[in-house]
Amino acid sequence: MAFARTPHEMLARLVSFDTVVGRPNLSLIEAVADWLDGHGISCRILVGPEGDRANLFATIGDATRPGYILSGHVDVVPAEEPGWHADPFTLRQTGDRLIGRGACDMKGFVAAVLAVAPDLAAMAPATSIHIALSYDEEAGCKGVPHLIAKLPELCAAPLGCIVGEPTGLVPVLAHKGKAALRLRVTGVAGHSSRPDLGKNAIHALLPALVAAEAQARELQTRGPRDDRFAPPWSSVQVGTVTGGQALNIIPDRAEAEFEARAIAGTDPGSLLAPVLAAADKSGVDTEWLSSYPPLALDAAHPLAALMSAVSGHDATAAVSFGTEAGLYQQAGIPAIICGPGDIARAHRPEEYLTLPELRACHDMLLALGRACAG
């Protein structure tokens with residue numbers, strides 16, 4: 001990865017790869033591997049079952065000794081919304097703002113990690129530091145489970161995982177979990193004047209839609225609460241509904257997508273049980289799109305103290321967005337969220353990270369390296 005010596009240069013290089021979720025990412029992963037290999041850092045490319053996407057895992061120090069994982073995803077959401085002032089995949093600077101798709105979520109963190117990697121390697125840390133890059137996080141954390149499954153053959157059981165989603169470099173102890181479900185109906189088309197000769201696919205979805213709305217109200221009014229989150233309850237919503245061709249044609253197809261977000265201690269998939277029951281009664285086809293668990297790290301855990309020390313910020317209780325951290329925790333690896341930027345800038349035109357934020361992340365990683373070296 002030529003001409004990528006500073007975090008700024010590294011971010012520009014990473015943004016230049018159009019790694020939209022669901023698309024190939026091997027060109028970026030191979031460029032990162034070349035960069036790491038060129039600095040004597042052991043690296044593995046882990047191609048996923050899709051064949052055109054891969055995770056990457058690298059180790060600084062002795063992989064047989066427990067250490068910490070620096071985790072980031074390299075996929076980004078599409079950049080087709082209006083409001084971009086230039087090519088979203090060419091990083092540009094306006095004042096202190098570094099603008100480009102993925103600059104904040106979350107190639108900024110990845111850029112800081114890669115730029116500091118040679119400095120960390122020079123420290124020869126006694127506690128190993130691992131770099132874990134994943135794909136298709138934006139599709140519901142689909143790539144990282146394949147990486148997590150390989151960890152026992154890649155390194156000793158990690159002491160913890162730092163997921164660098166944008167939190168303003170404030171360590172975050174908890175987040176909600178999420179499950180997503182698609183229902184699909186195939187009906188029988190016909191003239192709307194003869195509904196007895198067709199099968200209305202949209203009508204077949206109605207019981208599941210009603211069940212989702214009822215479940216959402218039940219969770220809000222009588223479900224368990226956790227005041228660390230906003231809102232402090234688990235939620236269910238219908239995100240999309242499509243179907244039909246014209247008003248006077250019996251719709252022969254219909255589809256709806258449902259989402260559940262669960263507070264800590266709740267299985268997000270279980271929140272959609274009423275929707276599944278209604279779909280089953282109606283003979284509707286179901287497909288799970290994604291699922292990841294909530295995160296809950298004890299405030300007294302050593303990982304929380306470490307990240308507060310190196311970031312210079314006290315840990316905050318929770319955020320409502322989800323990350324891969326819950327999957328690491330589910331695998332028995334303590335996890336925390338801490339990265340540069342503000343999640344409010346993500347998934348928007350003119351997404352940006354500031355130069356001071358990028359430099360502060362670089363400094364935080366150096367502090368982590370010193371802690372691991374000592």
# chains A, B, ... in the order shown; residues from 1 in each chain; ligands from 1
call {"tool": "residues_around", "arguments": {"residues": "stretch 330-347 of chain A", "least_positions_apart": "6", "cutoff": "7 Å", "atoms": "only C-alpha atoms", "output": "PyMOL selection string"}}
result
chain A and resi 77+104-105+109+158-173+297+353+357-358+361
call {"tool": "write_last_selection", "arguments": {"atoms": "C-alpha atoms", "output": "mmCIF file, in the first residue's frame"}}
result
data_model
loop_
_atom_site.group_PDB
_atom_site.id
_atom_site.type_symbol
_atom_site.label_atom_id
_atom_site.label_comp_id
_atom_site.auth_asym_id
_atom_site.auth_seq_id
_atom_site.Cartn_x
_atom_site.Cartn_y
_atom_site.Cartn_z
ATOM 1 C CA VAL A 77 -22.959 1.669 3.063
ATOM 2 C CA CYS A 104 -16.186 8.012 10.008
ATOM 3 C CA ASP A 105 -17.809 4.554 9.846
ATOM 4 C CA PHE A 109 -10.263 3.779 12.944
ATOM 5 C CA PRO A 158 -7.638 -12.930 23.670
ATOM 6 C CA LEU A 159 -7.772 -10.753 26.759
ATOM 7 C CA GLY A 160 -10.247 -8.470 25.067
ATOM 8 C CA CYS A 161 -11.455 -6.823 21.880
ATOM 9 C CA ILE A 162 -11.683 -3.111 21.080
ATOM 10 C CA VAL A 163 -14.219 -2.418 18.323
ATOM 11 C CA GLY A 164 -13.460 0.986 16.837
ATOM 12 C CA GLU A 165 -16.928 2.199 15.865
ATOM 13 C CA PRO A 166 -17.323 5.981 16.200
ATOM 14 C CA THR A 167 -17.869 6.916 19.864
ATOM 15 C CA GLY A 168 -15.765 10.062 20.121
ATOM 16 C CA LEU A 169 -13.025 7.852 21.617
ATOM 17 C CA VAL A 170 -15.243 7.330 24.668
ATOM 18 C CA PRO A 171 -15.234 3.656 25.740
ATOM 19 C CA VAL A 172 -18.760 2.195 25.553
ATOM 20 C CA LEU A 173 -19.740 -0.793 27.685
ATOM 21 C CA LEU A 297 -19.326 -5.402 29.667
ATOM 22 C CA LEU A 353 -13.871 12.503 10.278
ATOM 23 C CA GLU A 357 -10.079 13.003 15.792
ATOM 24 C CA LEU A 358 -7.865 10.869 13.574
ATOM 25 C CA CYS A 361 -7.108 7.896 17.752
#
call {"tool": "residues_around", "arguments": {"residues": "stretch 212-222 of chain A", "least_positions_apart": "2", "cutoff": "6 Å", "atoms": "only C-alpha atoms", "output": "JSON, numbers by chain"}}
result
{"A": [209, 210, 233, 235, 236, 275]}
call {"tool": "write_last_selection", "arguments": {"atoms": "all heavy atoms", "output": "JSON list (two decimals), in the first residue's frame"}}
result
[["chain", "number", "residue", "atom", "x", "y", "z"],
["A", 209, "LEU", "N", -47.99, -8.24, 9.93],
["A", 209, "LEU", "CA", -47.82, -6.80, 10.13],
["A", 209, "LEU", "C", -48.52, -6.35, 11.41],
["A", 209, "LEU", "O", -47.98, -5.56, 12.19],
["A", 209, "LEU", "CB", -48.36, -6.04, 8.93],
["A", 209, "LEU", "CG", -47.66, -6.30, 7.58],
["A", 209, "LEU", "CD1", -48.41, -5.59, 6.45],
["A", 209, "LEU", "CD2", -46.22, -5.84, 7.62],
["A", 210, "VAL", "N", -49.73, -6.86, 11.61],
["A", 210, "VAL", "CA", -50.48, -6.51, 12.82],
["A", 210, "VAL", "C", -49.75, -7.03, 14.06],
["A", 210, "VAL", "O", -49.66, -6.35, 15.08],
["A", 210, "VAL", "CB", -51.91, -7.08, 12.75],
["A", 210, "VAL", "CG1", -52.62, -6.95, 14.08],
["A", 210, "VAL", "CG2", -52.70, -6.37, 11.66],
["A", 233, "TRP", "N", -36.22, 0.51, 26.11],
["A", 233, "TRP", "CA", -36.91, -0.76, 25.91],
["A", 233, "TRP", "C", -36.46, -1.39, 24.59],
["A", 233, "TRP", "O", -35.89, -0.73, 23.72],
["A", 233, "TRP", "CB", -38.43, -0.55, 25.91],
["A", 233, "TRP", "CG", -38.93, 0.42, 24.87],
["A", 233, "TRP", "CD1", -39.16, 0.18, 23.55],
["A", 233, "TRP", "CD2", -39.25, 1.81, 25.07],
["A", 233, "TRP", "NE1", -39.59, 1.31, 22.91],
["A", 233, "TRP", "CE2", -39.68, 2.32, 23.81],
["A", 233, "TRP", "CE3", -39.23, 2.66, 26.18],
["A", 233, "TRP", "CZ2", -40.08, 3.65, 23.65],
["A", 233, "TRP", "CZ3", -39.64, 3.98, 26.01],
["A", 233, "TRP", "CH2", -40.04, 4.46, 24.75],
["A", 235, "SER", "N", -37.28, -2.99, 20.90],
["A", 235, "SER", "CA", -38.21, -2.49, 19.89],
["A", 235, "SER", "C", -38.36, -3.45, 18.73],
["A", 235, "SER", "O", -37.47, -4.26, 18.45],
["A", 235, "SER", "CB", -37.75, -1.12, 19.37],
["A", 235, "SER", "OG", -36.46, -1.24, 18.76],
["A", 236, "VAL", "N", -39.51, -3.36, 18.07],
["A", 236, "VAL", "CA", -39.78, -4.09, 16.83],
["A", 236, "VAL", "C", -40.39, -3.11, 15.85],
["A", 236, "VAL", "O", -41.21, -2.26, 16.23],
["A", 236, "VAL", "CB", -40.76, -5.26, 17.08],
["A", 236, "VAL", "CG1", -41.31, -5.80, 15.76],
["A", 236, "VAL", "CG2", -40.08, -6.38, 17.85],
["A", 275, "VAL", "N", -44.39, -12.44, 15.19],
["A", 275, "VAL", "CA", -44.41, -12.26, 13.73],
["A", 275, "VAL", "C", -44.26, -13.61, 13.04],
["A", 275, "VAL", "O", -44.99, -13.92, 12.08],
["A", 275, "VAL", "CB", -43.29, -11.30, 13.30],
["A", 275, "VAL", "CG1", -43.23, -11.18, 11.78],
["A", 275, "VAL", "CG2", -43.48, -9.93, 13.94]]
call {"tool": "closest_residue", "arguments": {"among": "A:Gly143, A:Pro82, A:Gly177, A:Pro7", "to": "A:Val110", "atoms": "only C-alpha atoms"}}
result
A:Pro7
call {"tool": "residues_around", "arguments": {"residues": "stretch 260-273 of chain A", "least_positions_apart": "4", "cutoff": "9 Å", "atoms": "only C-alpha atoms", "output": "PDB file with C-alpha atoms, in the first residue's frame"}}
result
ATOM      1  CA  ALA A 174     -23.022  -1.932  26.123  1.00  0.00           C
ATOM      2  CA  HIS A 175     -25.157  -1.861  22.991  1.00  0.00           C
ATOM      3  CA  LYS A 176     -28.428  -3.336  21.783  1.00  0.00           C
ATOM      4  CA  GLY A 177     -28.651  -6.533  19.766  1.00  0.00           C
ATOM      5  CA  LYS A 178     -30.502  -6.860  16.480  1.00  0.00           C
ATOM      6  CA  ALA A 179     -32.360  -9.429  14.393  1.00  0.00           C
ATOM      7  CA  ALA A 180     -33.806  -8.927  10.917  1.00  0.00           C
ATOM      8  CA  LEU A 181     -36.433 -11.079   9.212  1.00  0.00           C
ATOM      9  CA  ALA A 212     -45.374  -6.676  14.675  1.00  0.00           C
ATOM     10  CA  GLN A 215     -45.402  -6.531  19.766  1.00  0.00           C
ATOM     11  CA  LEU A 219     -42.468  -4.006  24.486  1.00  0.00           C
ATOM     12  CA  PRO A 224     -38.317  -5.044  30.381  1.00  0.00           C
ATOM     13  CA  ARG A 225     -36.438  -1.758  30.535  1.00  0.00           C
ATOM     14  CA  ASP A 226     -32.816  -0.734  30.767  1.00  0.00           C
ATOM     15  CA  PHE A 229     -30.371   2.813  26.394  1.00  0.00           C
ATOM     16  CA  PRO A 232     -34.879   2.131  27.335  1.00  0.00           C
ATOM     17  CA  TRP A 233     -36.912  -0.759  25.907  1.00  0.00           C
ATOM     18  CA  SER A 234     -36.503  -3.337  23.164  1.00  0.00           C
ATOM     19  CA  SER A 235     -38.215  -2.487  19.889  1.00  0.00           C
ATOM     20  CA  VAL A 236     -39.781  -4.088  16.834  1.00  0.00           C
ATOM     21  CA  GLN A 237     -40.600  -2.356  13.587  1.00  0.00           C
ATOM     22  CA  ALA A 277     -46.241 -17.352  14.514  1.00  0.00           C
ATOM     23  CA  ALA A 278     -48.547 -15.167  12.443  1.00  0.00           C
ATOM     24  CA  SER A 291     -28.767 -11.432  13.895  1.00  0.00           C
ATOM     25  CA  TYR A 292     -26.217 -10.309  16.448  1.00  0.00           C
ATOM     26  CA  PRO A 293     -26.429 -10.263  20.252  1.00  0.00           C
ATOM     27  CA  PRO A 294     -26.354  -7.311  22.637  1.00  0.00           C
ATOM     28  CA  LEU A 295     -23.124  -6.288  24.348  1.00  0.00           C
ATOM     29  CA  ALA A 296     -22.771  -5.865  28.107  1.00  0.00           C
ATOM     30  CA  SER A 320     -28.382   2.013  21.021  1.00  0.00           C
ATOM     31  CA  PHE A 321     -26.664   1.166  17.719  1.00  0.00           C
ATOM     32  CA  GLY A 322     -25.182  -2.296  17.269  1.00  0.00           C
TER      33      GLY A 322
END
call {"tool": "residues_around", "arguments": {"residues": "A:Leu26", "least_positions_apart": "6", "cutoff": "9 Å", "atoms": "only C-alpha atoms", "output": "compact mmCIF listing (two decimals) with N, CA and C atoms, in the first residue's frame"}}
result
# COMPACT_ATOMS: atom_id res chain seq x y z
N VAL A 47 -10.63 -15.87 3.46
CA VAL A 47 -11.69 -15.70 2.46
C VAL A 47 -12.98 -16.31 2.98
N ASP A 52 -15.59 -13.91 -2.79
CA ASP A 52 -15.06 -12.63 -3.28
C ASP A 52 -14.87 -11.61 -2.16
N ARG A 53 -15.03 -12.05 -0.92
CA ARG A 53 -14.86 -11.19 0.24
C ARG A 53 -14.03 -11.91 1.28
N ALA A 54 -13.31 -11.13 2.07
CA ALA A 54 -12.42 -11.77 3.04
C ALA A 54 -12.31 -10.92 4.30
N ASN A 55 -12.06 -11.62 5.40
CA ASN A 55 -11.59 -11.00 6.63
C ASN A 55 -10.06 -11.02 6.62
call {"tool": "atom_distance", "arguments": {"atom1": "atom CA of A:Leu365", "atom2": "atom CA of A:Ala111"}}
result
11.4 Å
call {"tool": "select_by_dssp", "arguments": {"residues": "stretch 152-274 of chain A", "states": "helix (DSSP H, G or I)", "output": "VMD selection string"}}
result
chain A and resid 152 to 154 195 to 197 201 to 222 268 to 274
call {"tool": "closest_residue", "arguments": {"among": "A:Arg5, A:Arg44, A:His203, A:His191", "to": "A:Ile131", "atoms": "only C-alpha atoms"}}
result
A:Arg44
call {"tool": "residues_around", "arguments": {"residues": "stretch 362-364 of chain A", "least_positions_apart": "6", "cutoff": "10 Å", "atoms": "only C-alpha atoms", "output": "mmCIF file with N, CA and C atoms, in the first residue's frame"}}
result
data_model
loop_
_atom_site.group_PDB
_atom_site.id
_atom_site.type_symbol
_atom_site.label_atom_id
_atom_site.label_comp_id
_atom_site.auth_asym_id
_atom_site.auth_seq_id
_atom_site.Cartn_x
_atom_site.Cartn_y
_atom_site.Cartn_z
ATOM 1 N N THR A 6 1.103 8.108 6.906
ATOM 2 C CA THR A 6 0.409 8.759 8.011
ATOM 3 C C THR A 6 -1.032 8.262 8.073
ATOM 4 N N PRO A 7 -1.723 8.481 9.207
ATOM 5 C CA PRO A 7 -3.138 8.097 9.259
ATOM 6 C C PRO A 7 -3.970 8.781 8.174
ATOM 7 N N GLY A 108 -11.765 5.344 9.335
ATOM 8 C CA GLY A 108 -10.876 6.204 10.098
ATOM 9 C C GLY A 108 -10.149 5.428 11.178
ATOM 10 N N PHE A 109 -10.887 4.614 11.922
ATOM 11 C CA PHE A 109 -10.263 3.779 12.944
ATOM 12 C C PHE A 109 -9.288 2.806 12.302
ATOM 13 N N ALA A 111 -7.696 3.092 9.503
ATOM 14 C CA ALA A 111 -6.523 3.838 9.024
ATOM 15 C C ALA A 111 -5.558 4.122 10.161
ATOM 16 N N ALA A 112 -6.082 4.526 11.317
ATOM 17 C CA ALA A 112 -5.212 4.805 12.461
ATOM 18 C C ALA A 112 -4.504 3.539 12.921
ATOM 19 N N VAL A 113 -5.216 2.417 12.933
ATOM 20 C CA VAL A 113 -4.623 1.140 13.348
ATOM 21 C C VAL A 113 -3.487 0.752 12.411
ATOM 22 N N LEU A 114 -3.734 0.829 11.108
ATOM 23 C CA LEU A 114 -2.719 0.401 10.144
ATOM 24 C C LEU A 114 -1.517 1.348 10.148
ATOM 25 N N ALA A 115 -1.788 2.641 10.262
ATOM 26 C CA ALA A 115 -0.674 3.592 10.256
ATOM 27 C C ALA A 115 0.218 3.424 11.482
ATOM 28 N N VAL A 116 -0.366 3.061 12.619
ATOM 29 C CA VAL A 116 0.416 2.926 13.846
ATOM 30 C C VAL A 116 1.037 1.536 13.980
ATOM 31 N N ALA A 117 0.611 0.596 13.143
ATOM 32 C CA ALA A 117 1.084 -0.787 13.274
ATOM 33 C C ALA A 117 2.606 -0.918 13.263
ATOM 34 N N LEU A 169 -14.094 8.440 20.802
ATOM 35 C CA LEU A 169 -13.025 7.852 21.617
ATOM 36 C C LEU A 169 -13.432 7.691 23.084
ATOM 37 N N MET A 307 -9.103 0.873 28.685
ATOM 38 C CA MET A 307 -9.503 1.793 27.631
ATOM 39 C C MET A 307 -9.761 3.193 28.158
ATOM 40 N N ALA A 309 -8.005 4.494 30.533
ATOM 41 C CA ALA A 309 -6.658 5.032 30.734
ATOM 42 C C ALA A 309 -6.033 5.488 29.425
ATOM 43 N N VAL A 310 -6.140 4.693 28.370
ATOM 44 C CA VAL A 310 -5.450 5.040 27.119
ATOM 45 C C VAL A 310 -6.220 6.072 26.303
ATOM 46 N N SER A 311 -7.544 6.128 26.468
ATOM 47 C CA SER A 311 -8.338 7.106 25.718
ATOM 48 C C SER A 311 -8.437 8.444 26.428
ATOM 49 N N GLY A 312 -8.254 8.419 27.767
ATOM 50 C CA GLY A 312 -8.412 9.639 28.542
ATOM 51 C C GLY A 312 -9.852 9.986 28.844
ATOM 52 N N GLY A 339 -13.904 4.285 19.347
ATOM 53 C CA GLY A 339 -13.310 4.712 18.088
ATOM 54 C C GLY A 339 -13.547 6.187 17.838
ATOM 55 N N PRO A 340 -12.904 6.748 16.831
ATOM 56 C CA PRO A 340 -13.002 8.184 16.570
ATOM 57 C C PRO A 340 -14.272 8.547 15.801
ATOM 58 N N PRO A 356 -8.137 16.256 13.846
ATOM 59 C CA PRO A 356 -7.837 16.062 15.273
ATOM 60 C C PRO A 356 -8.369 14.735 15.813
ATOM 61 N N ARG A 370 2.012 1.127 24.348
ATOM 62 C CA ARG A 370 2.923 1.268 25.483
ATOM 63 C C ARG A 370 2.447 0.450 26.675
#
call {"tool": "residues_around", "arguments": {"residues": "A:Ile250", "least_positions_apart": "4", "cutoff": "6 Å", "atoms": "only C-alpha atoms", "output": "list in words"}}
result
Ala189, Gly190, Ser192 and Asn200 of chain A
call {"tool": "atom_distance", "arguments": {"atom1": "atom CA of A:Leu151", "atom2": "atom CA of A:Met123"}}
result
23.7 Å
call {"tool": "select_by_dssp", "arguments": {"residues": "stretch 91-231 of chain A", "states": "strand (DSSP E)", "output": "list in words"}}
result
Arg92, Gln93, Thr94, Arg97, Leu98, Ile99, Ser128, Ile129, His130, Ile131, Ala132, Leu133, Ser134, Gly160, Cys161, Ile162, Val163, Ala174, His175, Gly177, Lys178, Ala179, Ala180, Leu181, Arg182, Leu183, Arg184, Val185 and Thr186 of chain A
call {"tool": "closest_residue", "arguments": {"among": "A:Ile148, A:Val20, A:Ala360, A:Cys155", "to": "A:Pro78", "atoms": "only C-alpha atoms"}}
result
A:Val20
call {"tool": "residues_around", "arguments": {"residues": "A:Pro24", "least_positions_apart": "5", "cutoff": "10 Å", "atoms": "only C-alpha atoms", "output": "count of residues only"}}
result
11
call {"tool": "closest_residue", "arguments": {"among": "A:Gly83, A:Leu303, A:Pro195, A:Ala121", "to": "A:Leu366", "atoms": "only C-alpha atoms"}}
result
A:Ala121
call {"tool": "atom_distance", "arguments": {"atom1": "atom CA of A:Leu133", "atom2": "atom CA of A:Leu56"}}
result
5.0 Å
call {"tool": "closest_residue", "arguments": {"among": "A:Gly326, A:Ala300, A:Leu355, A:Trp35", "to": "A:Asp314", "atoms": "only C-alpha atoms"}}
result
A:Ala300
